[in-house]
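Written out below as structure tokens is the structure these notes cover.
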Amino acid sequence: MTTVPTFLNYIDGEWCASRSGATFENVNPADTRDVVGQFQSSGEADAQAAVRAAAAAFASWKRLSTGARAKMLLSASAYLEQHAARFGEELTREEGKQKSLAIDEFMRAAQTIRYYAIEAQSYGGETFPNDDADMTVYTVREPLGVVTVISPWNFPVSIPARKIAPALICGNTVVFKPASDAPLSGLRLTEAFVQAGIPKGVLNFVTGSASAVGPVLVGAREVKAISFTGSTSAGEQIHRAASMSTRTQMELGGKNPLIVLDAQDIDRAVDLTVKGGFSLSGQACTGTSRVLVAREIRAAFVERLVTRTAALKIGNGLQPGIDIGPLATAGQLRTVLDYIEIGKREATLVCGGEQLMHDTYAHGYFVAPAIFTDVPRDARIAREEIFGPVISVIDVDGYDDALAVANDSDYGLAASLVTQDVRLMHRFANDIEAGTVKINRTTTGNLVNAPFGGLKQSSTATFRESGRDGLEFYQQIKTVYRGV
Ligand code: NAP
């Protein structure tokens with residue numbers, strides 16, 4: 001019998017158990033008999049200790065040069081790359097995505113950290129011409145202080161990496177709370193910084209339920225900024241609970257459309273729909289969940305989409321050749337199956353939608369990817385984020401109609417148009433209400449060196465993540481008037 005490892009918090013430079021000694025278990029969603037580990041069920045006192053440690057470490061971390069901080073980031077990045085194969089396998093076991101994608105995610109986290117280590121070194125203030133020959137006016141960029149980072153389970157290493165790396169390189173200290181459904185990858189990220197020699201208190205890692213640690217991590221007086229990625233409902237709660245002087249950055253849900261209007265684009269659109277809608281079992285914030293198809297080509301599009309979808313190999317992401325892994329949690333499974341039942345009442349299910357429970361699926365959370373047609377525009381499956389392998393095909397009459405349907409959403413995260421028409425490409429980039437606009441590409445995916453975020457209820461209308469914009473959130477500007 002294999003023993004289940006116990007993983008600790010990292011607070012004030014020490015790996016430590018929660019004050020209460022309580023732990024929780026995390027299981028493999030492809031086979032729930034496989035227990036990935038025991039994690040600390042932290043409470044208020046643990047969260048307070050982490051915030052206090054981060055506050056105490058701030059003054060000296062802030063004083064360290066950007067170059068010295070960058071050296072540690074580069075070492076952390078190299079560590080993640082070096083161990084990506086092992087850590088990727090753990091990620092697959094804790095969250096379900098295919099092993100190749102999990103390894104890629106660790107490589108991307110490493111790339112993000114490296115990017116910020118280098119980019120921040122040429123990101124300074126400005127000087128301003130003025131009428132006083134004896135005065136220099138310039139801005140300096142300063143860190144904010146203690147930053148809380150709260151991340152979701154669907155990208156449990158690349159998302160916190162794109163928050164923690166810019167926070168640290170700018171001179172902030174961090175308390176990091178990973179999602180309870182995938183804490184191990186966050187722990188590996190923390191471990192990378194620890195082995196890089198990050199001073200005690202600068203980065204703290206606390207596992208535990210949102211209700212137990214959330215109020216302190218959001219409300220503590222010392223917390224100057226909160227960077228959160230997760231559901232729109234939790235993001236709204238946190239944003240409201242934060243004090244007026246706490247900066248917030250909320251990356252939230254989506255209901256992302258892909259539009260196809262011409263027969264010549266059907267094959268490409270099918271390919272982009274399958275990749276953008278079903279990889280990661282539809283559990284990507286930018287995943288394609290609505291396909292807006294010109295009425296006259298809908299039958300041909302659906303026929304090819306169903307053929308491609310039915311051929312996808314579903315299974316344990318540790319096995320080679322798997323296209324789709326399980327849903328990440330029992331809760332996710334319930335939600336997705338509930339939406340499929342709702343969809344059956346609202347529209348026509350033309351493919352998949354059943355829970356797979358035979359043979360190797362018996363102990364996992366597997367659902368065959370579902371495609372609905374005849375979906376009314378006001379159907380719940382057309383409007384609400386499902387966050388699973390469920391696609392609604394909606395009929396439209398030309399570009400203007402497609403655009404109106406695409407924009408008639410509370411969300412505005414990502415959108416894609418498949419077309420050869422350069423005029424439409426241009427119009428779409430201008431007209432679509434989405435923070436990420438794709439043309440002839442999947443709705444999913446973004447660069448580490450370009451800004452990322454949503455419009456409407458997909459983000460707070462504050463700061464973008466990723467790229468140079470990602471540094472803005474973690475700094476405040478002072479304007480200095482220096483006369484002689
Ligand atoms: P979630 O339930 O909102 O949880 C996200 C994180 O927030 C978890 O660590 C959770 O802790 C914590 N949390 C929840 N409520 C909190 C509160 N009141 N105070 C403090 N912490 C709180 O989201 P999820 O199910 O993990 O992720 C799926 C959602 O994330 C989807 O809606 C998806 O669209 C969105 N997402 C958005 C982006 C983006 O960049 N826009 C990227 C990826 C995912 P526990 O785990 O302990 O509950």
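Chain identifiers are assigned as A, B, and so on, following the order in which chains appear in the structure tokens; residues are numbered from 1 within each chain, and ligands are numbered from 1 in order of appearance.
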### Message
At a cut-off of 6 Å and counting only C-alpha atoms and all ligand atoms, what residues surround ligand 1? Please answer as a PyMOL selection string.
### Response
chain A and resi 150-153+178-181+208-210+214+229-232+234+237-238+251-254+284-285
### Task
Write out as an MDAnalysis selection string each polymer residue whose atoms come within 12 Å of Phe387 in chain A, counting only C-alpha atoms; drop sequence neighbours fewer than 4 positions from it.
chainID A and resid 154 230:231 252:256 277:290 327:329 331:340 369 381 383 391
Using N, CA and C atoms, can you write the selected residues to a file as an mmCIF file, in the first residue's frame?
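Once written, out32.cif looks like this:
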data_model
loop_
_atom_site.group_PDB
_atom_site.id
_atom_site.type_symbol
_atom_site.label_atom_id
_atom_site.label_comp_id
_atom_site.auth_asym_id
_atom_site.auth_seq_id
_atom_site.Cartn_x
_atom_site.Cartn_y
_atom_site.Cartn_z
ATOM 1 N N ASN A 154 -8.180 25.487 -12.497
ATOM 2 C CA ASN A 154 -8.065 25.024 -13.889
ATOM 3 C C ASN A 154 -6.690 25.280 -14.503
ATOM 4 N N GLY A 230 -11.054 33.561 -10.825
ATOM 5 C CA GLY A 230 -12.047 32.556 -10.459
ATOM 6 C C GLY A 230 -13.406 32.957 -10.993
ATOM 7 N N SER A 231 -14.444 32.482 -10.332
ATOM 8 C CA SER A 231 -15.806 32.720 -10.835
ATOM 9 C C SER A 231 -16.217 34.179 -10.615
ATOM 10 N N LEU A 252 -12.356 36.879 -14.301
ATOM 11 C CA LEU A 252 -13.553 36.107 -13.971
ATOM 12 C C LEU A 252 -14.024 35.230 -15.134
ATOM 13 N N GLY A 253 -15.306 34.964 -15.166
ATOM 14 C CA GLY A 253 -15.841 33.965 -16.106
ATOM 15 C C GLY A 253 -16.018 34.469 -17.533
ATOM 16 N N GLY A 254 -16.472 33.568 -18.391
ATOM 17 C CA GLY A 254 -16.705 33.926 -19.789
ATOM 18 C C GLY A 254 -17.787 33.070 -20.417
ATOM 19 N N LYS A 255 -18.300 33.525 -21.555
ATOM 20 C CA LYS A 255 -19.257 32.729 -22.355
ATOM 21 C C LYS A 255 -18.863 33.022 -23.794
ATOM 22 N N ASN A 256 -17.778 32.425 -24.215
ATOM 23 C CA ASN A 256 -17.041 32.922 -25.374
ATOM 24 C C ASN A 256 -17.573 32.402 -26.709
ATOM 25 N N GLY A 277 -13.210 24.426 -27.545
ATOM 26 C CA GLY A 277 -14.370 24.107 -26.700
ATOM 27 C C GLY A 277 -14.201 22.873 -25.846
ATOM 28 N N PHE A 278 -13.438 21.905 -26.356
ATOM 29 C CA PHE A 278 -13.403 20.623 -25.650
ATOM 30 C C PHE A 278 -12.064 20.278 -25.007
ATOM 31 N N SER A 279 -10.962 20.933 -25.435
ATOM 32 C CA SER A 279 -9.717 20.579 -24.753
ATOM 33 C C SER A 279 -9.843 21.086 -23.317
ATOM 34 N N LEU A 280 -9.196 20.456 -22.399
ATOM 35 C CA LEU A 280 -9.345 20.734 -20.954
ATOM 36 C C LEU A 280 -10.794 20.470 -20.516
ATOM 37 N N SER A 281 -11.485 19.609 -21.265
ATOM 38 C CA SER A 281 -12.894 19.303 -20.976
ATOM 39 C C SER A 281 -13.743 20.556 -20.836
ATOM 40 N N GLY A 282 -13.396 21.561 -21.634
ATOM 41 C CA GLY A 282 -14.190 22.800 -21.614
ATOM 42 C C GLY A 282 -13.974 23.633 -20.365
ATOM 43 N N GLN A 283 -12.961 23.292 -19.579
ATOM 44 C CA GLN A 283 -12.755 24.000 -18.308
ATOM 45 C C GLN A 283 -11.686 25.088 -18.449
ATOM 46 N N ALA A 284 -11.883 25.930 -19.447
ATOM 47 C CA ALA A 284 -10.989 27.081 -19.630
ATOM 48 C C ALA A 284 -11.875 28.311 -19.643
ATOM 49 N N CYS A 285 -11.413 29.383 -18.982
ATOM 50 C CA CYS A 285 -12.248 30.589 -18.926
ATOM 51 C C CYS A 285 -12.494 31.139 -20.323
ATOM 52 N N THR A 286 -11.524 30.931 -21.227
ATOM 53 C CA THR A 286 -11.666 31.426 -22.595
ATOM 54 C C THR A 286 -12.182 30.338 -23.557
ATOM 55 N N GLY A 287 -12.641 29.210 -23.012
ATOM 56 C CA GLY A 287 -13.128 28.112 -23.855
ATOM 57 C C GLY A 287 -14.313 28.546 -24.716
ATOM 58 N N THR A 288 -14.391 27.990 -25.924
ATOM 59 C CA THR A 288 -15.528 28.288 -26.807
ATOM 60 C C THR A 288 -16.770 27.595 -26.258
ATOM 61 N N SER A 289 -17.822 28.357 -25.983
ATOM 62 C CA SER A 289 -19.031 27.690 -25.489
ATOM 63 C C SER A 289 -20.255 28.013 -26.340
ATOM 64 N N ARG A 290 -20.129 29.042 -27.204
ATOM 65 C CA ARG A 290 -21.228 29.357 -28.136
ATOM 66 C C ARG A 290 -20.643 29.397 -29.541
ATOM 67 N N LEU A 327 -13.691 15.760 -15.830
ATOM 68 C CA LEU A 327 -13.957 17.029 -15.157
ATOM 69 C C LEU A 327 -13.163 17.015 -13.849
ATOM 70 N N ALA A 328 -12.875 18.204 -13.324
ATOM 71 C CA ALA A 328 -11.876 18.286 -12.254
ATOM 72 C C ALA A 328 -12.384 17.845 -10.888
ATOM 73 N N THR A 329 -13.672 17.966 -10.656
ATOM 74 C CA THR A 329 -14.195 17.661 -9.311
ATOM 75 C C THR A 329 -15.598 17.058 -9.411
ATOM 76 N N GLY A 331 -18.096 18.268 -7.906
ATOM 77 C CA GLY A 331 -18.978 19.434 -8.050
ATOM 78 C C GLY A 331 -19.093 19.854 -9.504
ATOM 79 N N GLN A 332 -17.965 19.857 -10.209
ATOM 80 C CA GLN A 332 -17.960 20.189 -11.635
ATOM 81 C C GLN A 332 -18.835 19.194 -12.413
ATOM 82 N N LEU A 333 -18.686 17.910 -12.075
ATOM 83 C CA LEU A 333 -19.466 16.870 -12.754
ATOM 84 C C LEU A 333 -20.960 17.130 -12.581
ATOM 85 N N ARG A 334 -21.355 17.419 -11.341
ATOM 86 C CA ARG A 334 -22.783 17.680 -11.052
ATOM 87 C C ARG A 334 -23.283 18.877 -11.849
ATOM 88 N N THR A 335 -22.497 19.962 -11.815
ATOM 89 C CA THR A 335 -22.924 21.192 -12.497
ATOM 90 C C THR A 335 -23.097 20.930 -13.991
ATOM 91 N N VAL A 336 -22.112 20.268 -14.585
ATOM 92 C CA VAL A 336 -22.161 20.039 -16.037
ATOM 93 C C VAL A 336 -23.344 19.135 -16.394
ATOM 94 N N LEU A 337 -23.551 18.063 -15.610
ATOM 95 C CA LEU A 337 -24.691 17.169 -15.907
ATOM 96 C C LEU A 337 -26.017 17.905 -15.718
ATOM 97 N N ASP A 338 -26.084 18.779 -14.722
ATOM 98 C CA ASP A 338 -27.315 19.577 -14.519
ATOM 99 C C ASP A 338 -27.579 20.453 -15.744
ATOM 100 N N TYR A 339 -26.526 21.106 -16.242
ATOM 101 C CA TYR A 339 -26.712 21.975 -17.415
ATOM 102 C C TYR A 339 -27.118 21.157 -18.646
ATOM 103 N N ILE A 340 -26.593 19.936 -18.742
ATOM 104 C CA ILE A 340 -26.970 19.110 -19.901
ATOM 105 C C ILE A 340 -28.474 18.767 -19.817
ATOM 106 N N PRO A 369 -18.348 14.817 -24.495
ATOM 107 C CA PRO A 369 -18.595 16.209 -24.899
ATOM 108 C C PRO A 369 -19.936 16.359 -25.626
ATOM 109 N N ILE A 381 -28.432 27.663 -21.411
ATOM 110 C CA ILE A 381 -27.152 27.098 -21.890
ATOM 111 C C ILE A 381 -26.462 28.033 -22.890
ATOM 112 N N ARG A 383 -26.477 31.361 -22.346
ATOM 113 C CA ARG A 383 -26.128 32.608 -21.652
ATOM 114 C C ARG A 383 -25.250 32.413 -20.423
ATOM 115 N N ILE A 391 -21.262 22.607 -25.900
ATOM 116 C CA ILE A 391 -21.270 23.693 -26.886
ATOM 117 C C ILE A 391 -22.686 23.924 -27.392
#
### helix (DSSP H, G or I) positions in range 267-338 of chain A, given as an MDAnalysis selection string
chainID A and resid 267:282 295:310 330:338
### Message
So that I can see what lies close to Ser20 in chain A, please list as a VMD selection string the residues with an atom at most 9 Å from it, counting only C-alpha atoms and leaving out residues fewer than 2 positions away in the same chain.
### Response
chain A and resid 17 to 18 22 to 23 41 to 43
### Task
Please provide as a list of chain:residue names all residues within 10 Å of Asn9 in chain A, with the sequence filter that same-chain residues fewer than 2 positions apart are discarded (counting only C-alpha atoms).
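Once the adjacent positions are removed, what remains is A:Phe7, A:Ile11, A:Asp12, A:Glu14, A:Trp15, A:Cys16, A:Ala17, A:Ser18, A:Phe39, A:Gln40, A:Ser41, A:Ser42, A:Asp46, A:Ala50, A:Lys177, A:Leu187, A:Thr190, A:Asn204, A:Phe205, A:Val206, A:Thr207, A:Gly208.
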Grab the residues selected above and save them as a short mmCIF file (atom, residue, chain, number, x, y, z; two decimals), in the first residue's frame with N, CA, C and O atoms.
data_model
loop_
_atom_site.label_atom_id
_atom_site.label_comp_id
_atom_site.auth_asym_id
_atom_site.auth_seq_id
_atom_site.Cartn_x
_atom_site.Cartn_y
_atom_site.Cartn_z
N PHE A 7 1.26 17.50 2.68
CA PHE A 7 1.92 18.72 2.23
C PHE A 7 1.61 19.86 3.20
O PHE A 7 0.50 19.94 3.74
N ILE A 11 5.01 29.44 5.64
CA ILE A 11 4.75 30.74 6.28
C ILE A 11 6.02 31.23 6.97
O ILE A 11 6.63 30.48 7.74
N ASP A 12 6.38 32.46 6.69
CA ASP A 12 7.54 33.10 7.34
C ASP A 12 8.81 32.24 7.22
O ASP A 12 9.56 32.07 8.19
N GLU A 14 9.09 29.00 6.80
CA GLU A 14 9.05 27.63 7.33
C GLU A 14 7.92 26.85 6.68
O GLU A 14 6.82 27.37 6.52
N TRP A 15 8.20 25.58 6.35
CA TRP A 15 7.11 24.67 5.98
C TRP A 15 6.45 24.24 7.28
O TRP A 15 7.12 23.77 8.20
N CYS A 16 5.14 24.45 7.40
CA CYS A 16 4.50 24.20 8.69
C CYS A 16 3.07 23.67 8.53
O CYS A 16 2.40 23.93 7.53
N ALA A 17 2.63 22.94 9.56
CA ALA A 17 1.25 22.44 9.58
C ALA A 17 0.31 23.58 9.99
O ALA A 17 0.75 24.59 10.55
N SER A 18 -0.98 23.39 9.73
CA SER A 18 -1.96 24.39 10.18
C SER A 18 -2.01 24.36 11.71
O SER A 18 -1.69 23.34 12.32
N PHE A 39 -3.57 18.00 2.53
CA PHE A 39 -3.14 19.41 2.57
C PHE A 39 -3.68 20.06 3.84
O PHE A 39 -4.66 19.58 4.43
N GLN A 40 -3.06 21.15 4.23
CA GLN A 40 -3.41 21.80 5.49
C GLN A 40 -4.76 22.53 5.38
O GLN A 40 -4.96 23.33 4.47
N SER A 41 -5.65 22.21 6.32
CA SER A 41 -6.92 22.95 6.43
C SER A 41 -6.66 24.18 7.29
O SER A 41 -6.93 24.18 8.49
N SER A 42 -6.12 25.20 6.69
CA SER A 42 -5.73 26.37 7.47
C SER A 42 -6.96 27.15 7.92
O SER A 42 -8.03 27.06 7.30
N ASP A 46 -3.77 30.90 10.83
CA ASP A 46 -2.70 30.62 9.84
C ASP A 46 -2.65 31.76 8.81
O ASP A 46 -1.57 32.21 8.43
N ALA A 50 0.46 34.39 8.06
CA ALA A 50 1.03 34.59 6.73
C ALA A 50 1.03 36.08 6.36
O ALA A 50 2.02 36.60 5.83
N LYS A 177 -2.97 31.88 -1.86
CA LYS A 177 -3.92 30.82 -1.53
C LYS A 177 -4.34 30.12 -2.81
O LYS A 177 -5.01 30.70 -3.66
N LEU A 187 1.88 24.56 -4.64
CA LEU A 187 2.97 24.28 -3.70
C LEU A 187 4.29 24.13 -4.45
O LEU A 187 5.33 24.63 -4.01
N THR A 190 5.58 27.51 -5.24
CA THR A 190 6.17 28.12 -4.03
C THR A 190 7.56 27.53 -3.78
O THR A 190 8.52 28.26 -3.51
N ASN A 204 4.41 33.55 0.93
CA ASN A 204 3.79 32.64 1.90
C ASN A 204 2.69 31.87 1.18
O ASN A 204 1.98 32.43 0.33
N PHE A 205 2.56 30.60 1.54
CA PHE A 205 1.62 29.70 0.85
C PHE A 205 0.69 29.09 1.90
O PHE A 205 1.16 28.47 2.85
N VAL A 206 -0.61 29.31 1.71
CA VAL A 206 -1.58 28.86 2.71
C VAL A 206 -2.71 28.12 2.01
O VAL A 206 -3.43 28.70 1.18
N THR A 207 -2.88 26.84 2.33
CA THR A 207 -4.02 26.10 1.77
C THR A 207 -5.17 26.13 2.78
O THR A 207 -4.95 26.31 3.98
N GLY A 208 -6.38 25.93 2.25
CA GLY A 208 -7.55 25.91 3.14
C GLY A 208 -8.74 26.49 2.43
O GLY A 208 -8.61 27.11 1.37
#
### Task
Using only C-alpha atoms, determine which residues lie at most 9 Å from range 423-431 of chain A, disregarding the query and same-chain residues fewer than 5 positions distant; provide the list as an NGL selection string.
:A and (399 or 403 or 407 or 416-418 or 437-439)
Let me see the file: selected residues, N, CA, C and O atoms, as a PDB file, in the first residue's frame.
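So again.pdb came out as:
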ATOM      1  N   TYR A 399     -23.359  38.741 -40.666  1.00  0.00           N
ATOM      2  CA  TYR A 399     -22.400  39.296 -39.695  1.00  0.00           C
ATOM      3  C   TYR A 399     -23.054  40.151 -38.621  1.00  0.00           C
ATOM      4  O   TYR A 399     -22.769  39.995 -37.426  1.00  0.00           O
ATOM      5  N   LEU A 403     -22.871  39.385 -34.658  1.00  0.00           N
ATOM      6  CA  LEU A 403     -22.230  40.314 -33.733  1.00  0.00           C
ATOM      7  C   LEU A 403     -23.185  40.696 -32.596  1.00  0.00           C
ATOM      8  O   LEU A 403     -22.787  40.744 -31.417  1.00  0.00           O
ATOM      9  N   ASN A 407     -22.424  39.885 -28.703  1.00  0.00           N
ATOM     10  CA  ASN A 407     -22.308  40.958 -27.704  1.00  0.00           C
ATOM     11  C   ASN A 407     -23.429  40.965 -26.675  1.00  0.00           C
ATOM     12  O   ASN A 407     -23.321  41.632 -25.648  1.00  0.00           O
ATOM     13  N   SER A 416     -13.998  34.774 -31.131  1.00  0.00           N
ATOM     14  CA  SER A 416     -13.248  34.485 -32.357  1.00  0.00           C
ATOM     15  C   SER A 416     -14.165  34.555 -33.573  1.00  0.00           C
ATOM     16  O   SER A 416     -15.334  34.169 -33.510  1.00  0.00           O
ATOM     17  N   LEU A 417     -13.611  35.051 -34.673  1.00  0.00           N
ATOM     18  CA  LEU A 417     -14.309  35.055 -35.962  1.00  0.00           C
ATOM     19  C   LEU A 417     -13.474  34.239 -36.944  1.00  0.00           C
ATOM     20  O   LEU A 417     -12.265  34.442 -37.051  1.00  0.00           O
ATOM     21  N   VAL A 418     -14.131  33.325 -37.669  1.00  0.00           N
ATOM     22  CA  VAL A 418     -13.436  32.539 -38.682  1.00  0.00           C
ATOM     23  C   VAL A 418     -13.867  33.085 -40.040  1.00  0.00           C
ATOM     24  O   VAL A 418     -15.051  33.032 -40.386  1.00  0.00           O
ATOM     25  N   VAL A 437      -9.569  39.272 -28.592  1.00  0.00           N
ATOM     26  CA  VAL A 437     -10.233  39.119 -29.890  1.00  0.00           C
ATOM     27  C   VAL A 437      -9.361  38.228 -30.762  1.00  0.00           C
ATOM     28  O   VAL A 437      -8.194  38.525 -30.987  1.00  0.00           O
ATOM     29  N   LYS A 438      -9.941  37.138 -31.234  1.00  0.00           N
ATOM     30  CA  LYS A 438      -9.180  36.218 -32.084  1.00  0.00           C
ATOM     31  C   LYS A 438      -9.816  36.186 -33.482  1.00  0.00           C
ATOM     32  O   LYS A 438     -11.043  36.242 -33.610  1.00  0.00           O
ATOM     33  N   ILE A 439      -8.965  36.063 -34.479  1.00  0.00           N
ATOM     34  CA  ILE A 439      -9.452  35.891 -35.847  1.00  0.00           C
ATOM     35  C   ILE A 439      -8.743  34.676 -36.423  1.00  0.00           C
ATOM     36  O   ILE A 439      -7.496  34.616 -36.411  1.00  0.00           O
TER      37      ILE A 439
END
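Coordinates place CA of Pro389 in chain A at a distance of 23.2 Å from CA of Arg295 in chain A.
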### Message
For Ala370 in chain A, find every residue with an atom within 7 Å (counting only C-alpha atoms), except residues of its own chain fewer than 2 positions away, and show them as a list in words.
### Response
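The contact residues come out as Cys351, Gly352, Gly353, Ala368, Phe372, Pro389, Val390 and Ile391 of chain A.
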Would you mind exporting N, CA, C and O atoms of the selected residues as a PDB file, in the first residue's frame?
ATOM      1  N   CYS A 351     -25.214  15.252 -29.782  1.00  0.00           N
ATOM      2  CA  CYS A 351     -24.000  14.455 -29.588  1.00  0.00           C
ATOM      3  C   CYS A 351     -23.631  14.457 -28.107  1.00  0.00           C
ATOM      4  O   CYS A 351     -23.728  15.490 -27.443  1.00  0.00           O
ATOM      5  N   GLY A 352     -23.224  13.304 -27.578  1.00  0.00           N
ATOM      6  CA  GLY A 352     -22.637  13.205 -26.237  1.00  0.00           C
ATOM      7  C   GLY A 352     -23.595  13.586 -25.122  1.00  0.00           C
ATOM      8  O   GLY A 352     -24.806  13.395 -25.213  1.00  0.00           O
ATOM      9  N   GLY A 353     -23.009  14.087 -24.028  1.00  0.00           N
ATOM     10  CA  GLY A 353     -23.807  14.564 -22.903  1.00  0.00           C
ATOM     11  C   GLY A 353     -23.996  13.544 -21.803  1.00  0.00           C
ATOM     12  O   GLY A 353     -24.505  13.875 -20.738  1.00  0.00           O
ATOM     13  N   ALA A 368     -19.102  12.649 -21.838  1.00  0.00           N
ATOM     14  CA  ALA A 368     -18.883  12.744 -23.290  1.00  0.00           C
ATOM     15  C   ALA A 368     -19.231  14.159 -23.733  1.00  0.00           C
ATOM     16  O   ALA A 368     -20.293  14.686 -23.371  1.00  0.00           O
ATOM     17  N   PHE A 372     -25.254  20.973 -28.545  1.00  0.00           N
ATOM     18  CA  PHE A 372     -26.677  21.290 -28.665  1.00  0.00           C
ATOM     19  C   PHE A 372     -26.902  22.154 -29.905  1.00  0.00           C
ATOM     20  O   PHE A 372     -26.113  23.073 -30.174  1.00  0.00           O
ATOM     21  N   PRO A 389     -17.557  20.553 -21.062  1.00  0.00           N
ATOM     22  CA  PRO A 389     -17.532  20.245 -22.494  1.00  0.00           C
ATOM     23  C   PRO A 389     -18.926  20.292 -23.123  1.00  0.00           C
ATOM     24  O   PRO A 389     -19.471  19.267 -23.523  1.00  0.00           O
ATOM     25  N   VAL A 390     -19.488  21.481 -23.184  1.00  0.00           N
ATOM     26  CA  VAL A 390     -20.857  21.660 -23.703  1.00  0.00           C
ATOM     27  C   VAL A 390     -20.852  22.850 -24.655  1.00  0.00           C
ATOM     28  O   VAL A 390     -20.482  23.958 -24.263  1.00  0.00           O
ATOM     29  N   ILE A 391     -21.262  22.607 -25.900  1.00  0.00           N
ATOM     30  CA  ILE A 391     -21.270  23.693 -26.886  1.00  0.00           C
ATOM     31  C   ILE A 391     -22.686  23.924 -27.392  1.00  0.00           C
ATOM     32  O   ILE A 391     -23.408  22.973 -27.716  1.00  0.00           O
TER      33      ILE A 391
END
### Message
Please determine, counting only C-alpha atoms, which residue among A:Glu44, A:Asp31, A:Asp400, A:Asp408 has the shortest atom-to-atom distance to Val218 in chain A.
### Response
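Counting only C-alpha atoms, the residue closest to Val218 in chain A is A:Glu44.
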Go through range 319-426 of chain A and flag each residue having an atom no more than 10 Å from range 81-100 of chain A; for those, report the closest pair of atoms plus their distance in Å to one decimal, using only C-alpha atoms, ordered by chain and rising number, as CSV.
residue,atom,partner,partner_atom,distance
A:Gln319,CA,A:Lys99,CA,7.9
A:Pro320,CA,A:Lys99,CA,8.2
A:Gly321,CA,A:Gln98,CA,9.0
A:Ile322,CA,A:Gln98,CA,6.9
A:Asp323,CA,A:Gln98,CA,7.5
A:Ile324,CA,A:Gln98,CA,7.2
A:Gly325,CA,A:Lys97,CA,5.5
A:Pro326,CA,A:Gly96,CA,5.7
A:Leu327,CA,A:Gly96,CA,6.9
A:Ala328,CA,A:Glu95,CA,5.2
A:Thr329,CA,A:Glu95,CA,7.9
A:Gly364,CA,A:Gly96,CA,9.6
A:Tyr365,CA,A:Gly96,CA,9.3
### Message
For a test of reading the model, state the distance in Å between CA of Ala212 in chain A and CA of Glu385 in chain A, rounded to one decimal.
### Response
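Here the two named atoms are 26.3 Å from each other.
Each of A:Val448, A:Glu296, A:Asn440, A:Ala167 was checked against Val422 in chain A using only C-alpha atoms; the smallest atom-to-atom distance is that of A:Asn440.
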### Query
Among range 44-265 of chain A, which ones does DSSP place in strand (DSSP E), written as a ChimeraX atom specification?
/A:127-128,135-143,146-150,173-177,203-205,223-229,247-251,256-260
### Query
So which residues touch Arg188 in chain A within 9 Å, counting only C-alpha atoms, skipping near sequence neighbours fewer than 3 positions away, as JSON, numbers by chain?
{"A": [80, 87, 157, 183, 184, 185, 191, 192, 193]}
### Message
For a quick check of understanding, using only C-alpha atoms, which of A:Asp359, A:Glu105, A:Asp469, A:Glu236 has the smallest distance to Leu189 in chain A?
### Response
A:Glu105
### Query
Which is closest to Arg304 in chain A among A:Ala242, A:Ile259, A:Ala133, A:Ile266, if we use only C-alpha atoms?
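For Arg304 in chain A, the nearest of the given residues is A:Ile266.
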### Query
Between A:Ser211, A:Thr173, A:Thr444, A:Gln420, which is the closest to Ile226 in chain A once you count only C-alpha atoms?
A:Thr173
